[in-house]
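K.L.:
Mind looking over this structure? Questions follow.
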Amino acid sequence: MDETPIRGSSDPATPSAAGAGSKVALATLVALVVASPWPFGSAHLRATQAIALASLATALGALAWDGWHRRLLLPPRAVLWPLAGLWALAAAQLVPLPEALHRAIAAGTAPVWHPDPPAAAAVLGPGPHPVSLHPEATLRWLACATGLVALTLAAAPALRERRLLLRSSIAVVSGAVLVALSGIVGRLAFGNKLYGLWSVPTTAPFGPFVSKNHFAGYVALAAILAVGLATGLADEQRRRSEALSWIGGRRAKFVVLAWGAAGLLLLAIPVSLSRGGVVSLTAGLGSFTLLRAWVGRASRLSVRGLVSLVAGLGIAGGLLVAVLPTEARDRVLTLAGITTDQSGSYRLALWQDTLRLAASSPLVGSGFGAYEDALPRFKTTAGGFRVQHAENDHLEVLAEGGLLGGLLGMAVTIALFVHGLGALRATSHRLARALLAAALAAGVAAWVHAAVDFNLRIPSNALMALFAAGLCVSAVGPAAPSGMGARRALPPILVLAASLLLAVRAPWGGPQWHAATLARAAAPTASALRLSALDADLQELLRRRPALATAWVQLAWLRLRTSGPEAASLARWGAALDPRHEELARVSTALREAAARAEP
């Protein structure tokens, strides 16, 4: 088997175009994809920070090295320009704006940064403020997203070599098999306890993931890639037109192993009891089947062929449901009434709230990563619980980035898919063609699952999706290195250097304020100096997170001893920022009544 580049079939003897930097980036990307699920999907801020810094540093070094040695390979501008636009939008959300311009561009966030109550306005100050309602979260989002995307773009050229493509795919699939085995064995041995040690009362964990839906999101993409790997290996071994002629090949055992891995991954999805995972997996497998049939024909599929494919998929799905355990089968069958059960009705209500949030600042949103702070003003469900994500990545992007962010994200997706379809027809390399079809199908699965969950907000799942995207980018990029490598590398290098600096300076430790700190102010011996220090700490927190309703009410409680009217105003403002929080409303009312009694 040759180790030539996989793009195109006109000249398979062309020497490898990937530079050493791209190969290092690919090794880093694969290592992160394999390792990131184990620390709970790397969703903790410290794990996310490590991934962001590693991705940014590796991508920066890879682009600089390959650019200096004139081995730089960049994807088409149709992919690069929307990505650059998203980066610019996130950076612009962090720029302080004068009040008039702020209200014109982001009418939804301006009233929070420039509140009507004088007491609240005095806390935040009269100066310019950014669009984002949680600038630190937007900064973290910018650093992490830039690092992951840049690492993928830097690694893509190395995937054109069959040897690296094969080894990377095997490593990713093997890592996912271990994740799937840990989920199945862990469920049998430990029930709903993470690693057999921790209980999660609010969600149903599975494997190393806190939520079974995130487990299913990660494994479903790996399962589709495994199917593509097995299909590609079988295609390479096939010497005749018969479907099973690969059995006589020298490496048939590897094809059997690949199909075994694919079967285990496919089985793990319904066993996890994730309905979103089942739907996305079905969409991905259906897309893979259609793409394989489309690329194998000189013309479009006939109606008869399409009906046969759909019928075959239906029969296969029925057989899969039939062999599932009773609990998993019953869970899958509840898809028919998903809009009426508790989970479905919660999602529908949350999506309506998210659309109201998006409509409040339709152009540029409320800040990437700021959804948790921006939603409470529009929330009609979940009561006093803090909702961190919209259970729909598409709507969350719309709420955080506005129409501009949504259109830029859509442009990237469409450009990758359209160029990927063209490359799918162009290449004659069997393994590459099968894996490219699987990558496109995995993109469909990720898009479908993103409509009912927030998988792409989990770093491990985003890495798996980006590995599939890297397969697409490797097929749609230029066939040869740029002759102006150093000059072409300069703009992305500057962007990555700025992002790395921001990532190093960004606070990744979470909030420094805890409500229990107020116990010091409740003591009978609390001094004026202690009260003043607590007041200053709360003001500093609110200047970083102005939509944090509980902090405003806590500040009102501190101010009650010194100024009743000011305390009442702050308490009223805090309750207005989260009107569905019943406990907060009760405390706010009590504070206003106490303030009224304190006055003559």
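Just remember, in the structure tokens the first chain shown is A, the second B, etc., residues are 1-based per chain, and ligands are 1-based in the order shown.
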Write out as a PyMOL selection string the residues lying within 10 Å of range 116-125 of chain A, counting only C-alpha atoms and excluding same-chain residues fewer than 5 positions away.

P.N.:
chain A and resi 111+536+538-540+542-546+552+555-556+565-574

K.L.:
If DSSP is run on the backbone, what residues of range 184-221 of chain A are strand (DSSP E)? A reply as a ChimeraX atom specification would be ideal.

P.N.:
/A:193-194,198-199

K.L.:
Considering only C-alpha atoms, return as a ChimeraX atom specification whatever protein or nucleic-acid residues lie within 6 Å of Ala230 in chain A, sequence-local ones (same chain, fewer than 3 positions apart) excluded.

P.N.:
/A:227,233,255,258-259

K.L.:
Could those selected residues go to a file with C-alpha atoms, as a PDB file, in the first residue's frame?

P.N.:
ATOM      1  CA  VAL A 227     -17.586   2.548   9.918  1.00  0.00           C
ATOM      2  CA  LEU A 233      -9.941  -0.939   4.567  1.00  0.00           C
ATOM      3  CA  VAL A 255     -10.975  -5.241   8.387  1.00  0.00           C
ATOM      4  CA  ALA A 258     -12.342  -2.458  12.369  1.00  0.00           C
ATOM      5  CA  TRP A 259     -15.888  -3.740  11.899  1.00  0.00           C
TER       6      TRP A 259
END

K.L.:
Please report, as JSON lines, each residue of range 5-103 of chain A lying at most 12 Å from range 195-201 of chain A, together with the nearest pair of atoms and the separation in Å rounded to one decimal; use only C-alpha atoms, and order rows by chain and ascending residue number.

P.N.:
{"residue": "A:Trp38", "atom": "CA", "partner": "A:Tyr195", "partner_atom": "CA", "distance": 9.9}
{"residue": "A:Pro39", "atom": "CA", "partner": "A:Tyr195", "partner_atom": "CA", "distance": 10.5}
{"residue": "A:Phe40", "atom": "CA", "partner": "A:Tyr195", "partner_atom": "CA", "distance": 9.9}

K.L.:
Just write the chosen residues, N, CA and C atoms, as a PDB file, in the first residue's frame.

P.N.:
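What ended up in part.pdb:
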ATOM      1  N   TRP A  38     -11.552  11.507  29.376  1.00  0.00           N
ATOM      2  CA  TRP A  38     -11.408  10.868  30.682  1.00  0.00           C
ATOM      3  C   TRP A  38     -11.574  11.818  31.860  1.00  0.00           C
ATOM      4  N   PRO A  39     -11.104  13.055  31.825  1.00  0.00           N
ATOM      5  CA  PRO A  39     -11.419  13.971  32.945  1.00  0.00           C
ATOM      6  C   PRO A  39     -12.796  14.611  32.770  1.00  0.00           C
ATOM      7  N   PHE A  40     -13.835  13.758  32.719  1.00  0.00           N
ATOM      8  CA  PHE A  40     -15.229  14.210  32.618  1.00  0.00           C
ATOM      9  C   PHE A  40     -15.483  15.057  31.364  1.00  0.00           C
TER      10      PHE A  40
END

K.L.:
Please measure the separation of CA of Ala137 in chain A and CA of Asp393 in chain A, giving the value in Å to one decimal.

P.N.:
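Separation of CA of Ala137 in chain A and CA of Asp393 in chain A: 16.4 Å.
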
K.L.:
May I ask which of the residues A:Leu72, A:Val364, A:Trp87, A:Val210 is the closest one to Ala145 in chain A, counting only C-alpha atoms?

P.N.:
A:Trp87

K.L.:
At a cut-off of 12 Å, using only C-alpha atoms, what residues contact range 576-579 of chain A? Leave out same-chain residues fewer than 5 positions from it and give the result as an MDAnalysis selection string.

P.N.:
chainID A and resid 109 111:113 115:117 120 372:387 545:553 569:571 584:586 588:589

K.L.:
What would the file look like if the residues just selected were written as a PDB file, in the first residue's frame with C-alpha atoms?

P.N.:
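Everything below was put into out-v8.pdb:
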ATOM      1  CA  THR A 109     -26.875  44.078  26.853  1.00  0.00           C
ATOM      2  CA  PRO A 111     -29.391  48.230  29.741  1.00  0.00           C
ATOM      3  CA  VAL A 112     -27.499  45.777  31.952  1.00  0.00           C
ATOM      4  CA  TRP A 113     -24.209  47.656  31.656  1.00  0.00           C
ATOM      5  CA  PRO A 115     -28.807  50.434  34.400  1.00  0.00           C
ATOM      6  CA  ASP A 116     -31.511  53.006  35.101  1.00  0.00           C
ATOM      7  CA  PRO A 117     -31.302  52.860  38.937  1.00  0.00           C
ATOM      8  CA  ALA A 120     -26.661  50.319  40.254  1.00  0.00           C
ATOM      9  CA  GLU A 372     -25.506  31.626  31.624  1.00  0.00           C
ATOM     10  CA  ASP A 373     -25.497  35.280  32.691  1.00  0.00           C
ATOM     11  CA  ALA A 374     -27.586  36.607  29.794  1.00  0.00           C
ATOM     12  CA  LEU A 375     -30.530  34.179  29.994  1.00  0.00           C
ATOM     13  CA  PRO A 376     -32.114  34.814  33.454  1.00  0.00           C
ATOM     14  CA  ARG A 377     -33.885  38.025  32.350  1.00  0.00           C
ATOM     15  CA  PHE A 378     -35.799  36.000  29.722  1.00  0.00           C
ATOM     16  CA  LYS A 379     -36.151  32.698  31.544  1.00  0.00           C
ATOM     17  CA  THR A 380     -39.614  31.208  32.053  1.00  0.00           C
ATOM     18  CA  THR A 381     -38.533  27.723  33.117  1.00  0.00           C
ATOM     19  CA  ALA A 382     -36.166  26.073  35.637  1.00  0.00           C
ATOM     20  CA  GLY A 383     -37.124  28.508  38.429  1.00  0.00           C
ATOM     21  CA  GLY A 384     -34.100  29.433  40.530  1.00  0.00           C
ATOM     22  CA  PHE A 385     -31.689  27.029  38.825  1.00  0.00           C
ATOM     23  CA  ARG A 386     -28.800  28.493  36.854  1.00  0.00           C
ATOM     24  CA  VAL A 387     -29.074  27.313  33.236  1.00  0.00           C
ATOM     25  CA  ARG A 545     -20.443  40.068  35.682  1.00  0.00           C
ATOM     26  CA  PRO A 546     -23.081  42.819  35.698  1.00  0.00           C
ATOM     27  CA  ALA A 547     -26.014  40.441  35.087  1.00  0.00           C
ATOM     28  CA  LEU A 548     -25.380  38.368  38.211  1.00  0.00           C
ATOM     29  CA  ALA A 549     -28.663  38.973  40.012  1.00  0.00           C
ATOM     30  CA  THR A 550     -27.732  37.316  43.316  1.00  0.00           C
ATOM     31  CA  ALA A 551     -24.678  39.564  43.692  1.00  0.00           C
ATOM     32  CA  TRP A 552     -26.845  42.689  43.366  1.00  0.00           C
ATOM     33  CA  VAL A 553     -29.195  41.455  46.096  1.00  0.00           C
ATOM     34  CA  SER A 569     -33.033  50.167  44.713  1.00  0.00           C
ATOM     35  CA  LEU A 570     -30.280  47.558  44.406  1.00  0.00           C
ATOM     36  CA  ALA A 571     -32.570  44.792  45.651  1.00  0.00           C
ATOM     37  CA  LEU A 584     -34.354  35.820  45.141  1.00  0.00           C
ATOM     38  CA  ALA A 585     -37.653  37.677  44.760  1.00  0.00           C
ATOM     39  CA  ARG A 586     -38.593  36.820  48.349  1.00  0.00           C
ATOM     40  CA  SER A 588     -35.533  41.242  47.558  1.00  0.00           C
ATOM     41  CA  THR A 589     -38.997  41.994  48.889  1.00  0.00           C
TER      42      THR A 589
END

K.L.:
Quick one: everything within 10 Å of Gly401 in chain A, counting only C-alpha atoms, minus sequence neighbours fewer than 4 positions away in the same chain. Send it as a list in words.

P.N.:
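Once the nearby chain positions are removed, what remains is Leu86, Leu89, Ala90, Gln93, Ser132, Ala358, Ser361, Pro362, Leu363, Val364, Gly365, Ser366, Gly367, Phe368, Gly369, Ala370, Leu395, Glu396, Val397, Gly405, Gly406, Leu407, Leu408 and Gly409 of chain A.
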
K.L.:
Show me, as an mmCIF file with all heavy atoms, in the first residue's frame, the residues that have an atom within 9 Å of Ala54 in chain A when counting only C-alpha atoms, minus same-chain residues fewer than 4 positions from it.

P.N.:
data_model
loop_
_atom_site.group_PDB
_atom_site.id
_atom_site.type_symbol
_atom_site.label_atom_id
_atom_site.label_comp_id
_atom_site.auth_asym_id
_atom_site.auth_seq_id
_atom_site.Cartn_x
_atom_site.Cartn_y
_atom_site.Cartn_z
ATOM 1 N N THR A 28 -0.625 16.050 18.153
ATOM 2 C CA THR A 28 -1.234 16.722 19.309
ATOM 3 C C THR A 28 -2.744 16.631 19.267
ATOM 4 O O THR A 28 -3.394 16.363 20.292
ATOM 5 C CB THR A 28 -0.798 18.196 19.339
ATOM 6 O OG1 THR A 28 0.631 18.273 19.344
ATOM 7 C CG2 THR A 28 -1.346 18.901 20.564
ATOM 8 N N GLN A 49 -8.597 24.938 30.074
ATOM 9 C CA GLN A 49 -7.437 25.827 29.955
ATOM 10 C C GLN A 49 -6.230 25.077 29.408
ATOM 11 O O GLN A 49 -5.523 25.574 28.511
ATOM 12 C CB GLN A 49 -7.098 26.430 31.315
ATOM 13 C CG GLN A 49 -5.870 27.329 31.295
ATOM 14 C CD GLN A 49 -5.421 27.734 32.693
ATOM 15 O OE1 GLN A 49 -5.734 27.050 33.679
ATOM 16 N NE2 GLN A 49 -4.710 28.840 32.806
ATOM 17 N N ALA A 50 -5.979 23.878 29.925
ATOM 18 C CA ALA A 50 -4.831 23.102 29.461
ATOM 19 C C ALA A 50 -4.961 22.771 27.974
ATOM 20 O O ALA A 50 -3.992 22.871 27.211
ATOM 21 C CB ALA A 50 -4.716 21.809 30.281
ATOM 22 N N THR A 58 0.823 24.755 20.128
ATOM 23 C CA THR A 58 1.197 23.823 19.060
ATOM 24 C C THR A 58 0.861 24.385 17.687
ATOM 25 O O THR A 58 1.669 24.300 16.752
ATOM 26 C CB THR A 58 0.478 22.480 19.257
ATOM 27 O OG1 THR A 58 0.769 21.966 20.557
ATOM 28 C CG2 THR A 58 0.929 21.469 18.220
ATOM 29 N N ALA A 59 -0.335 24.946 17.543
ATOM 30 C CA ALA A 59 -0.726 25.507 16.250
ATOM 31 C C ALA A 59 0.177 26.671 15.862
ATOM 32 O O ALA A 59 0.571 26.804 14.694
ATOM 33 C CB ALA A 59 -2.183 25.962 16.305
ATOM 34 N N GLY A 147 -7.819 28.081 19.573
ATOM 35 C CA GLY A 147 -6.810 27.032 19.670
ATOM 36 C C GLY A 147 -7.228 25.749 18.990
ATOM 37 O O GLY A 147 -6.466 25.144 18.222
#
